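Below is my_file39.cif, holding mmCIF, C-alpha atoms.
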```cif
data_model
loop_
_atom_site.label_atom_id
_atom_site.label_comp_id
_atom_site.auth_asym_id
_atom_site.auth_seq_id
_atom_site.Cartn_x
_atom_site.Cartn_y
_atom_site.Cartn_z
CA MET Z 2 130.56 140.93 61.63
CA ARG Z 3 132.06 139.35 58.50
CA LEU Z 4 133.58 136.68 60.68
CA LEU Z 5 130.25 135.86 62.31
CA ILE Z 6 128.50 135.59 58.95
CA ASP Z 7 131.23 133.33 57.58
CA LEU Z 8 131.14 131.20 60.70
CA ALA Z 9 127.35 130.87 60.57
CA LEU Z 10 127.58 129.93 56.90
CA ALA Z 11 130.15 127.24 57.65
CA VAL Z 12 128.02 125.79 60.46
CA VAL Z 13 124.86 125.79 58.34
CA VAL Z 14 126.67 124.06 55.50
CA ALA Z 15 128.20 121.52 57.90
CA VAL Z 16 124.89 120.62 59.53
CA ALA Z 17 122.85 120.62 56.33
CA VAL Z 18 125.26 118.54 54.30
CA GLY Z 19 126.21 116.26 57.19
CA VAL Z 20 122.66 115.47 58.28
CA SER Z 21 121.17 115.12 54.81
CA SER Z 22 123.99 112.93 53.48
CA ALA Z 23 123.79 110.69 56.57
CA TRP Z 24 120.01 110.44 56.23
CA TYR Z 25 120.30 109.62 52.54
CA ALA Z 26 122.98 107.00 53.10
CA ILE Z 27 121.02 105.29 55.90
CA ASP Z 28 117.68 105.52 54.17
CA ARG Z 29 119.17 103.96 51.06
CA GLY Z 30 121.10 101.74 53.43
CA HIS Z 31 122.17 99.37 50.82
CA ILE Z 32 124.58 101.56 48.89
CA PHE Z 33 127.68 99.69 50.03
CA GLY Z 34 128.38 95.99 49.88
CA ALA Z 35 125.92 95.42 47.03
CA VAL Z 36 126.74 92.78 44.44
CA VAL Z 37 124.82 92.83 41.17
CA ALA Z 38 124.16 89.69 39.13
CA GLY Z 39 121.94 89.75 36.06
CA GLY Z 40 119.80 92.64 37.28
CA TRP Z 41 119.44 91.23 40.79
CA THR Z 42 121.21 92.76 43.76
CA ALA Z 43 122.42 90.88 46.83
CA TRP Z 44 124.09 92.11 49.99
CA PRO Z 45 126.15 89.14 51.14
CA GLU Z 46 127.42 91.06 54.17
CA GLU Z 47 123.99 91.77 55.64
CA GLY Z 48 123.79 88.25 57.06
CA GLY Z 49 127.33 88.25 58.37
CA GLU Z 50 128.95 89.18 61.63
CA SER Z 51 130.44 92.43 60.39
CA PRO Z 52 128.07 94.48 58.26
CA ASP Z 53 129.45 97.94 57.44
CA PRO Z 54 128.28 100.88 59.61
CA TYR Z 55 125.70 101.97 57.03
CA GLU Z 56 124.22 98.50 56.82
CA LEU Z 57 124.09 98.31 60.61
CA ALA Z 58 122.46 101.74 60.91
CA MET Z 59 119.89 100.72 58.30
CA LEU Z 60 119.16 97.42 60.08
CA THR Z 61 118.62 99.08 63.46
CA ARG Z 62 116.47 101.82 61.96
CA THR Z 63 114.13 99.59 59.98
CA GLY Z 64 114.11 96.62 62.35
CA GLU Z 65 114.71 94.30 59.43
CA VAL Z 66 115.99 90.84 60.25
CA PRO Z 67 118.33 89.60 57.51
CA LEU Z 68 118.92 86.00 56.52
CA GLY Z 69 122.07 84.63 58.12
CA ASN Z 70 124.81 83.35 55.85
CA GLY Z 71 124.09 79.81 57.01
CA GLU Z 72 120.41 80.19 56.17
CA GLY Z 73 120.31 81.73 52.74
CA LEU Z 74 120.85 84.72 50.53
CA ARG Z 75 118.40 87.39 49.39
CA PHE Z 76 118.35 89.03 45.96
CA VAL Z 77 116.21 92.04 45.08
CA ALA Z 78 115.30 93.34 41.62
CA ASP Z 79 113.57 96.67 41.03
CA ARG Z 80 114.33 97.03 37.31
CA ASP Z 81 113.60 94.89 34.27
CA ALA Z 82 116.17 93.70 31.73
CA SER Z 83 115.93 96.95 29.77
CA GLY Z 84 116.68 98.99 32.88
CA ALA Z 85 113.18 100.40 33.36
CA ALA Z 86 111.78 100.53 36.91
CA LEU Z 87 109.33 97.71 37.68
CA SER Z 88 105.72 98.84 37.77
CA GLY Z 89 102.76 96.95 39.22
CA ARG Z 90 100.71 97.93 36.18
CA CYS Z 91 102.90 96.06 33.70
CA THR Z 92 103.20 92.39 32.88
CA TYR Z 93 106.62 90.78 33.36
CA GLN Z 94 108.04 87.42 32.55
CA ILE Z 95 110.63 86.13 35.00
CA ALA Z 96 112.31 83.30 33.14
CA GLY Z 97 115.34 81.08 33.28
CA GLN Z 98 117.19 79.24 36.00
CA THR Z 99 118.18 80.07 39.53
CA PRO Z 100 121.62 79.43 41.06
CA VAL Z 101 122.24 76.31 43.11
CA ALA Z 102 120.12 76.20 46.25
CA ARG Z 103 118.12 73.54 48.05
CA LEU Z 104 115.08 75.76 48.06
CA TRP Z 105 114.14 79.18 46.78
CA THR Z 106 111.19 81.51 47.11
CA LEU Z 107 110.21 84.40 44.87
CA THR Z 108 108.07 87.15 46.37
CA ALA Z 109 106.56 90.31 44.91
CA THR Z 110 106.57 93.36 47.18
CA ASP Z 111 105.84 97.04 46.92
CA GLU Z 112 108.55 99.67 46.77
CA ALA Z 113 109.07 99.62 50.54
CA GLY Z 114 109.42 95.84 50.61
CA ARG Z 115 105.95 95.17 52.01
CA LEU Z 116 103.66 92.42 50.77
CA MET Z 117 100.80 93.55 48.55
CA VAL Z 118 97.10 92.78 48.73
CA ASN Z 119 95.97 90.76 45.71
CA VAL Z 120 92.89 88.83 44.70
CA ALA Z 121 94.63 85.46 44.50
CA HIS Z 122 96.11 85.67 48.04
CA ARG Z 123 99.44 84.66 46.66
CA ALA Z 124 102.58 86.55 47.62
CA GLY Z 125 105.00 84.40 45.67
CA PHE Z 126 106.22 81.00 44.57
CA HIS Z 127 108.67 78.48 45.92
CA SER Z 128 110.89 76.18 43.92
CA ARG Z 129 108.85 73.03 44.49
CA GLU Z 130 105.41 74.27 43.52
CA ILE Z 131 106.41 75.90 40.27
CA LEU Z 132 105.56 74.50 36.81
CA ARG Z 133 108.72 73.90 34.83
CA ARG Z 134 109.67 73.17 31.26
CA ALA Z 135 111.31 69.85 30.38
CA ASP Z 136 114.81 71.34 30.84
CA GLY Z 137 114.04 72.52 34.35
CA SER Z 138 113.76 76.20 33.47
CA PHE Z 139 110.63 78.13 34.34
CA VAL Z 140 108.59 81.16 33.36
CA ILE Z 141 106.72 83.16 35.98
CA THR Z 142 104.27 85.78 34.75
CA ALA Z 143 103.94 88.70 37.14
CA SER Z 144 100.89 90.75 36.31
CA PRO Z 145 97.99 92.51 38.02
CA SER Z 146 95.52 90.47 35.94
CA ALA Z 147 95.21 86.69 35.89
CA SER Z 148 97.46 84.73 33.58
CA SER Z 149 97.98 81.08 32.74
CA GLY Z 150 100.93 79.04 34.03
CA ASN Z 151 102.86 80.41 37.00
CA TRP Z 152 100.93 83.59 37.68
CA LEU Z 153 102.42 85.89 40.28
CA PRO Z 154 99.74 88.47 41.07
CA VAL Z 155 100.89 92.01 41.86
CA ALA Z 156 98.98 95.08 42.97
CA PRO Z 157 98.68 97.83 40.32
CA VAL Z 158 100.97 100.25 42.17
CA ALA Z 159 103.59 102.51 40.62
CA ARG Z 160 106.67 100.63 41.78
CA ILE Z 161 107.22 97.00 42.74
CA LYS Z 162 110.15 94.76 43.58
CA PHE Z 163 110.84 91.07 43.22
CA VAL Z 164 112.67 89.30 46.04
CA LEU Z 165 114.41 85.99 45.34
CA ARG Z 166 115.62 84.12 48.41
CA LEU Z 167 117.97 81.19 47.98
CA TYR Z 168 118.05 78.86 50.97
CA ASP Z 169 121.00 76.65 51.86
CA THR Z 170 123.19 77.93 49.09
CA PRO Z 171 126.97 77.65 48.96
CA LEU Z 172 127.21 81.25 47.71
CA THR Z 173 128.71 83.57 50.26
CA THR Z 174 131.33 85.74 48.59
CA GLY Z 175 130.71 88.67 46.29
CA SER Z 176 132.86 87.34 43.44
CA GLN Z 177 130.87 84.09 43.32
CA ILE Z 178 127.62 86.03 43.22
CA ALA Z 179 128.62 88.52 40.53
CA SER Z 180 129.09 85.75 37.93
CA LEU Z 181 125.78 83.99 38.60
CA ILE Z 182 123.21 83.21 35.95
CA MET Z 183 119.98 84.66 37.30
CA PRO Z 184 116.42 84.61 35.96
CA THR Z 185 115.77 87.49 33.56
CA ILE Z 186 112.90 89.92 34.05
CA ARG Z 187 111.39 91.00 30.75
CA ALA Z 188 108.51 93.44 30.32
CA VAL Z 189 105.94 91.96 27.95
CA GLY Z 190 103.27 94.59 28.17
CA CYS Z 191 102.59 97.93 29.76
CA PRO Z 192 99.14 99.46 29.40
CA MET F 10 135.72 136.27 49.27
CA ARG F 11 138.62 133.90 49.77
CA ARG F 12 137.93 133.84 53.45
CA THR F 13 134.30 132.87 52.85
CA LEU F 14 135.45 130.04 50.60
CA LEU F 15 137.81 128.84 53.30
CA PHE F 16 134.97 128.85 55.82
CA LEU F 17 132.80 126.93 53.35
CA LEU F 18 135.56 124.36 52.96
CA GLY F 19 135.78 124.08 56.74
CA GLY F 20 132.00 123.64 56.85
CA LEU F 21 132.21 120.78 54.37
CA MET F 22 134.90 119.05 56.38
CA LEU F 23 132.81 119.44 59.51
CA SER F 24 129.81 117.99 57.63
CA GLY F 25 131.84 114.82 57.00
CA ILE F 26 132.40 114.45 60.72
CA ILE F 27 128.71 115.06 61.45
CA HIS F 28 127.82 112.46 58.81
CA LEU F 29 130.06 109.84 60.41
CA VAL F 30 128.88 110.60 63.93
CA ILE F 31 125.21 110.25 62.93
CA VAL F 32 125.81 106.96 61.09
CA LEU F 33 127.70 105.53 64.06
CA LEU F 34 125.17 106.76 66.63
CA VAL F 35 122.01 105.53 64.89
CA PRO F 36 122.35 101.92 66.20
CA MET F 37 122.59 103.26 69.76
CA TYR F 38 119.49 105.40 69.58
CA ALA F 39 117.23 103.47 67.22
CA SER F 40 114.01 102.58 69.03
CA HIS F 41 112.44 100.28 66.45
CA ASP F 42 115.36 97.95 65.97
CA ALA F 43 114.75 94.23 65.63
CA TRP F 44 115.64 93.46 69.25
CA ALA F 45 113.17 96.02 70.59
CA GLU F 46 110.47 94.85 68.17
CA MET F 47 110.93 91.23 69.24
CA GLY F 48 110.09 92.31 72.79
CA ARG F 49 106.52 93.05 71.68
CA PHE F 50 105.69 89.37 71.39
CA GLY F 51 106.10 88.52 75.06
CA ALA F 52 108.53 87.69 77.83
CA ASP F 53 112.21 86.98 77.27
CA ARG F 54 113.64 83.46 77.35
CA LYS F 55 110.56 81.99 75.79
CA PHE F 56 109.77 81.25 72.15
CA HIS F 57 106.99 83.33 70.65
CA LEU F 58 105.48 82.56 67.29
CA LEU F 59 105.61 85.52 64.89
CA PRO F 60 102.42 86.11 62.90
CA LEU F 61 102.66 84.84 59.32
CA PRO F 62 103.69 87.76 57.10
CA GLU F 63 100.80 88.85 54.91
CA ALA F 64 99.73 91.98 53.09
CA GLY F 65 99.03 94.79 55.53
CA ASN F 66 100.49 92.84 58.43
CA ASP F 67 104.24 92.57 58.16
CA ALA F 68 104.92 92.26 61.89
CA ILE F 69 108.64 92.37 61.17
CA PRO F 70 109.57 93.94 57.82
CA GLY F 71 111.14 91.93 55.04
CA MET F 72 110.27 88.41 56.20
CA ASP F 73 109.64 85.56 53.79
CA PRO F 74 105.88 84.80 53.73
CA ARG F 75 106.58 81.12 53.06
CA PHE F 76 108.15 80.60 56.48
CA VAL F 77 106.76 80.37 59.99
CA GLN F 78 109.08 81.91 62.53
CA ALA F 79 109.51 82.01 66.27
CA GLU F 80 111.75 84.27 68.31
CA CYS F 81 113.32 84.02 71.75
CA ARG F 82 114.89 87.12 73.22
CA PHE F 83 117.60 86.56 75.80
CA SER F 84 120.24 88.13 77.96
CA LEU F 85 123.25 86.00 78.79
CA ALA F 86 123.62 87.88 82.08
CA GLY F 87 120.96 85.48 83.41
CA GLY F 88 123.09 82.46 82.55
CA PRO F 89 123.78 80.52 79.36
CA LEU F 90 120.93 79.93 76.94
CA ARG F 91 119.87 76.49 75.83
CA VAL F 92 117.62 76.09 72.81
CA THR F 93 115.92 72.76 72.24
CA ALA F 94 113.38 72.01 69.54
CA LYS F 95 112.12 69.16 67.45
CA MET F 96 111.94 70.78 64.06
CA PRO F 97 109.82 69.69 61.05
CA ASP F 98 111.21 67.37 58.38
CA ASP F 99 111.33 70.05 55.71
CA PHE F 100 113.85 72.88 55.45
CA TRP F 101 114.42 74.93 58.61
CA SER F 102 117.08 77.25 59.89
CA VAL F 103 118.09 78.99 63.07
CA ALA F 104 119.88 82.32 63.48
CA VAL F 105 121.25 84.20 66.48
CA PHE F 106 121.24 88.00 66.38
CA ASP F 107 122.93 90.44 68.73
CA ARG F 108 121.44 93.53 70.37
CA ASN F 109 121.84 95.53 67.14
CA GLY F 110 120.16 92.93 64.95
CA ARG F 111 123.48 91.76 63.55
CA ASN F 112 123.52 88.09 62.59
CA VAL F 113 126.21 86.45 64.71
CA TYR F 114 125.42 82.80 64.03
CA SER F 115 123.23 80.79 61.69
CA LEU F 116 122.78 77.23 60.51
CA ASN F 117 120.23 75.17 58.60
CA ASP F 118 118.88 71.65 59.00
CA ARG F 119 121.80 70.14 57.08
CA ALA F 120 124.11 71.02 59.98
CA THR F 121 122.26 68.86 62.50
CA ASP F 122 121.78 65.14 62.67
CA GLY F 123 118.03 64.77 62.27
CA PRO F 124 115.27 67.11 63.34
CA GLN F 125 116.47 67.55 66.92
CA LEU F 126 117.97 70.96 67.56
CA ASP F 127 120.07 71.41 70.69
CA LEU F 128 121.90 74.70 70.86
CA ALA F 129 123.88 76.24 73.70
CA VAL F 130 124.56 79.98 73.52
CA LEU F 131 127.04 81.25 76.05
CA THR F 132 129.90 83.64 76.69
CA SER F 133 133.46 82.33 76.85
CA VAL F 134 133.49 82.78 80.64
CA GLN F 135 130.33 80.68 80.99
CA LEU F 136 131.78 78.08 78.64
CA ALA F 137 134.93 77.81 80.75
CA GLN F 138 132.84 77.43 83.91
CA ILE F 139 130.76 74.64 82.38
CA ARG F 140 133.84 72.83 81.08
CA GLN F 141 135.15 72.70 84.67
CA ASN F 142 132.00 71.02 85.86
CA PRO F 143 132.20 67.37 84.82
CA SER F 144 128.49 66.70 85.34
CA ALA F 145 127.44 69.22 82.73
CA THR F 146 125.88 67.77 79.60
CA LEU F 147 127.12 69.85 76.73
CA GLU F 148 128.30 66.96 74.58
CA ASN F 149 125.32 66.76 72.28
CA ALA F 150 124.63 70.46 72.04
CA ILE F 151 125.96 72.73 69.32
CA THR F 152 127.92 75.16 71.45
CA ILE F 153 128.10 78.77 70.33
CA ASP F 154 130.54 80.92 72.23
CA LEU F 155 129.54 84.54 71.58
CA PRO F 156 130.96 87.84 72.76
CA ILE F 157 127.47 89.27 73.27
CA ASP F 158 125.17 89.98 76.16
CA LYS F 159 121.69 90.55 74.77
CA GLY F 160 120.23 89.16 71.59
CA PHE F 161 117.57 86.94 70.13
CA VAL F 162 117.28 83.54 68.49
CA LEU F 163 115.08 83.14 65.44
CA LEU F 164 113.77 79.76 64.26
CA ARG F 165 112.44 79.61 60.71
CA ALA F 166 110.54 76.65 59.28
CA PHE F 167 109.59 76.39 55.62
CA VAL F 168 105.90 75.86 54.86
CA ALA F 169 105.55 74.14 51.48
CA ASP F 170 101.74 74.30 51.47
CA ALA F 171 98.77 74.68 53.78
CA SER F 172 98.94 71.02 54.86
CA THR F 173 102.38 71.39 56.46
CA LEU F 174 101.53 74.62 58.26
CA PRO F 175 100.04 73.02 61.42
CA GLY F 176 103.05 70.73 61.89
CA ALA F 177 105.56 73.55 61.45
CA THR F 178 103.60 75.83 63.75
CA ALA F 179 103.36 73.13 66.42
CA ALA F 180 107.09 72.44 66.21
CA LEU F 181 107.98 76.09 66.71
CA THR F 182 105.41 76.52 69.49
CA ALA F 183 106.96 73.60 71.35
CA ALA F 184 110.49 74.95 70.98
CA ASP F 185 112.11 75.82 74.27
CA CYS F 186 114.78 78.31 75.26
CA SER F 187 114.14 78.50 79.02
CA GLY F 188 116.60 75.77 79.90
CA THR F 189 120.03 76.35 81.31
CA PHE F 190 122.83 74.15 82.62
#
```

So that I can check it, write out the structure of this file as structure tokens.
Amino acid sequence: MRLLIDLALAVVVAVAVGVSSAWYAIDRGHIFGAVVAGGWTAWPEEGGESPDPYELAMLTRTGEVPLGNGEGLRFVADRDASGAALSGRCTYQIAGQTPVARLWTLTATDEAGRLMVNVAHRAGFHSREILRRADGSFVITASPSASSGNWLPVAPVARIKFVLRLYDTPLTTGSQIASLIMPTIRAVGCP
Amino acid sequence: MRRTLLFLLGGLMLSGIIHLVIVLLVPMYASHDAWAEMGRFGADRKFHLLPLPEAGNDAIPGMDPRFVQAECRFSLAGGPLRVTAKMPDDFWSVAVFDRNGRNVYSLNDRATDGPQLDLAVLTSVQLAQIRQNPSATLENAITIDLPIDKGFVLLRAFVADASTLPGATAALTAADCSGTF
């Protein structure tokens, strides 16, 4: 009897821990191969020929189609410069310079990476339509209410993300990416 | 007590194996992977325009809303694939994905001479067969020799503003992947 109870316990632990840890790792997907630069995270391997097994499991489960290494590189930010999670109710200033790329786009999404409904019908900016300062740097104001300058409208949801895609960039390796100067995301007001 | 702890330890080791097996099996059993989703747009070996990503209608998750895209699903069992397109003047790129949605090849407009895209996707056996046939015209095509059977090609064209949307859409609609050698 003791033996059976012990055996059942072992099997329950094995299945519970095995399944939940696998689910967590795949759902998070992006826990390995991430490179962080100035608050932005990139996964240079997702567009390569040999993503790790977690990355591959995540790709097949979500049906996401990554950018190939020859196309561009995607960065995601879900926290501001102070480390607080980005909220659609706050106003943020995304300011500075982007790394070398022929073209970039900046998109605001919800927590799951989906585009958000907004009054201005604008999901983001690209590098050629943005208003810049004399030195080439820029300030984008992400806020649920209208703002002057480069206004990136967001929906007033609890969590948002910013996605910066660099197209035709020479950056491919993690060590190059980690030392990049990226635009900073600063919270300027939270109601 | 010690025996129970030993069994628990055994359970934890077994959980590691279960974890690995699940992670490795997910790609085989996933039903909403990119390749399957691309099949929703129409027949294989033909380019289909993907709807522009917009709020509430992300046909394929995580796509850039500033790009128009077209996909062509293929199986190399039916012969090599030839992709021809006259792309717009602005930035564009092309990527080849395998059955699991893994990117196996990609390039952007810098890699080609002008807007004309001519791409040959084939297996090494098919490449060897074509090389033996002197009448074949592979010279001008970018030849990609891939160890894959099924996959899809994705064309992406940047849309700077509303005025360039019709041109980019027309270019992708006219793209062809039905040709062979």

Inset, instruction - Please evaluate the PyMOL selection byres ((chain Z and resi 51) around 12) against the displayed coordinates and give the resulting residues as a VMD selection string. - result: (chain Z and resid 34 45 to 50 52 to 57 69 to 70) or (chain F and resid 106 to 107 109 to 114)

Atoms to include: C-alpha atoms. Write the selected residues as a CSV table (one decimal), in the coordinates of the input.
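The result, written out as result.csv:
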```
chain,number,residue,atom,x,y,z
Z,34,GLY,CA,128.4,96.0,49.9
Z,45,PRO,CA,126.2,89.1,51.1
Z,46,GLU,CA,127.4,91.1,54.2
Z,47,GLU,CA,124.0,91.8,55.6
Z,48,GLY,CA,123.8,88.2,57.1
Z,49,GLY,CA,127.3,88.2,58.4
Z,50,GLU,CA,129.0,89.2,61.6
Z,52,PRO,CA,128.1,94.5,58.3
Z,53,ASP,CA,129.4,97.9,57.4
Z,54,PRO,CA,128.3,100.9,59.6
Z,55,TYR,CA,125.7,102.0,57.0
Z,56,GLU,CA,124.2,98.5,56.8
Z,57,LEU,CA,124.1,98.3,60.6
Z,69,GLY,CA,122.1,84.6,58.1
Z,70,ASN,CA,124.8,83.4,55.8
F,106,PHE,CA,121.2,88.0,66.4
F,107,ASP,CA,122.9,90.4,68.7
F,109,ASN,CA,121.8,95.5,67.1
F,110,GLY,CA,120.2,92.9,65.0
F,111,ARG,CA,123.5,91.8,63.6
F,112,ASN,CA,123.5,88.1,62.6
F,113,VAL,CA,126.2,86.4,64.7
F,114,TYR,CA,125.4,82.8,64.0
```

Inset, instruction - Pull out every residue of chain Z sitting within 8 Å of chain F, counting only C-alpha atoms, and send them as a count of residues only. - result: 51

Inset, instruction - Using all atoms listed in the file, determine which residues lie at most 6 Å from stretch 177-186 of chain F, disregarding the query and same-chain residues fewer than 4 positions distant; provide the list as a list in words. - result: Arg54, Lys55, Arg91, Val92, Thr93, Ala94, Met96 and Pro97 of chain F

Inset, instruction - Measure the distance from atom CA of Z:Gly190 to atom CA of Z:Ser146 in Å and round it to one decimal. - result: 11.7 Å

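In terms of minimum interatomic distance to Z:Leu107, Z:Ala78 ranks closest within Z:Leu87, Z:Val120, Z:Ala135, Z:Ala78, counting all atoms listed in the file.
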
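The result of the PyMOL selection byres ((chain Z and resi 171) around 9) on the shown file is Gly71, Gly73, Val101, Ala102, Asp169, Thr170, Leu172 and Thr173 of chain Z.
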
Write the selection just made, keeping C-alpha atoms, as a PDB file, in the coordinates of the input?
```pdb
ATOM      1  CA  GLY Z  71     124.090  79.810  57.010  1.00  0.00           C
ATOM      2  CA  GLY Z  73     120.310  81.730  52.740  1.00  0.00           C
ATOM      3  CA  VAL Z 101     122.240  76.310  43.110  1.00  0.00           C
ATOM      4  CA  ALA Z 102     120.120  76.200  46.250  1.00  0.00           C
ATOM      5  CA  ASP Z 169     121.000  76.650  51.860  1.00  0.00           C
ATOM      6  CA  THR Z 170     123.190  77.930  49.090  1.00  0.00           C
ATOM      7  CA  LEU Z 172     127.210  81.250  47.710  1.00  0.00           C
ATOM      8  CA  THR Z 173     128.710  83.570  50.260  1.00  0.00           C
TER       9      THR Z 173
END
```

Write a file for stretch 10-36 of chain F, containing C-alpha atoms (output as a compact mmCIF listing (two decimals), in the first residue's frame).
```txt
# COMPACT_ATOMS: atom_id res chain seq x y z
CA MET F 10 9.73 9.03 4.98
CA ARG F 11 13.03 8.67 3.17
CA ARG F 12 11.41 6.39 0.69
CA THR F 13 8.70 8.96 -0.05
CA LEU F 14 11.39 11.59 -0.62
CA LEU F 15 13.16 9.26 -3.03
CA PHE F 16 9.93 8.73 -4.94
CA LEU F 17 9.39 12.49 -5.05
CA LEU F 18 12.88 12.93 -6.45
CA GLY F 19 12.12 10.29 -9.06
CA GLY F 20 8.90 12.13 -9.87
CA LEU F 21 10.81 15.36 -10.42
CA MET F 22 13.27 13.66 -12.74
CA LEU F 23 10.39 12.15 -14.68
CA SER F 24 8.78 15.61 -14.89
CA GLY F 25 11.91 16.87 -16.67
CA ILE F 26 11.51 14.17 -19.28
CA ILE F 27 7.80 14.97 -19.69
CA HIS F 28 8.69 18.66 -20.05
CA LEU F 29 11.19 17.94 -22.83
CA VAL F 30 8.87 15.54 -24.65
CA ILE F 31 6.02 18.09 -24.66
CA VAL F 32 8.26 20.90 -25.91
CA LEU F 33 9.64 18.72 -28.70
CA LEU F 34 6.22 17.35 -29.69
CA VAL F 35 4.34 20.66 -29.85
CA PRO F 36 5.59 21.54 -33.39
```
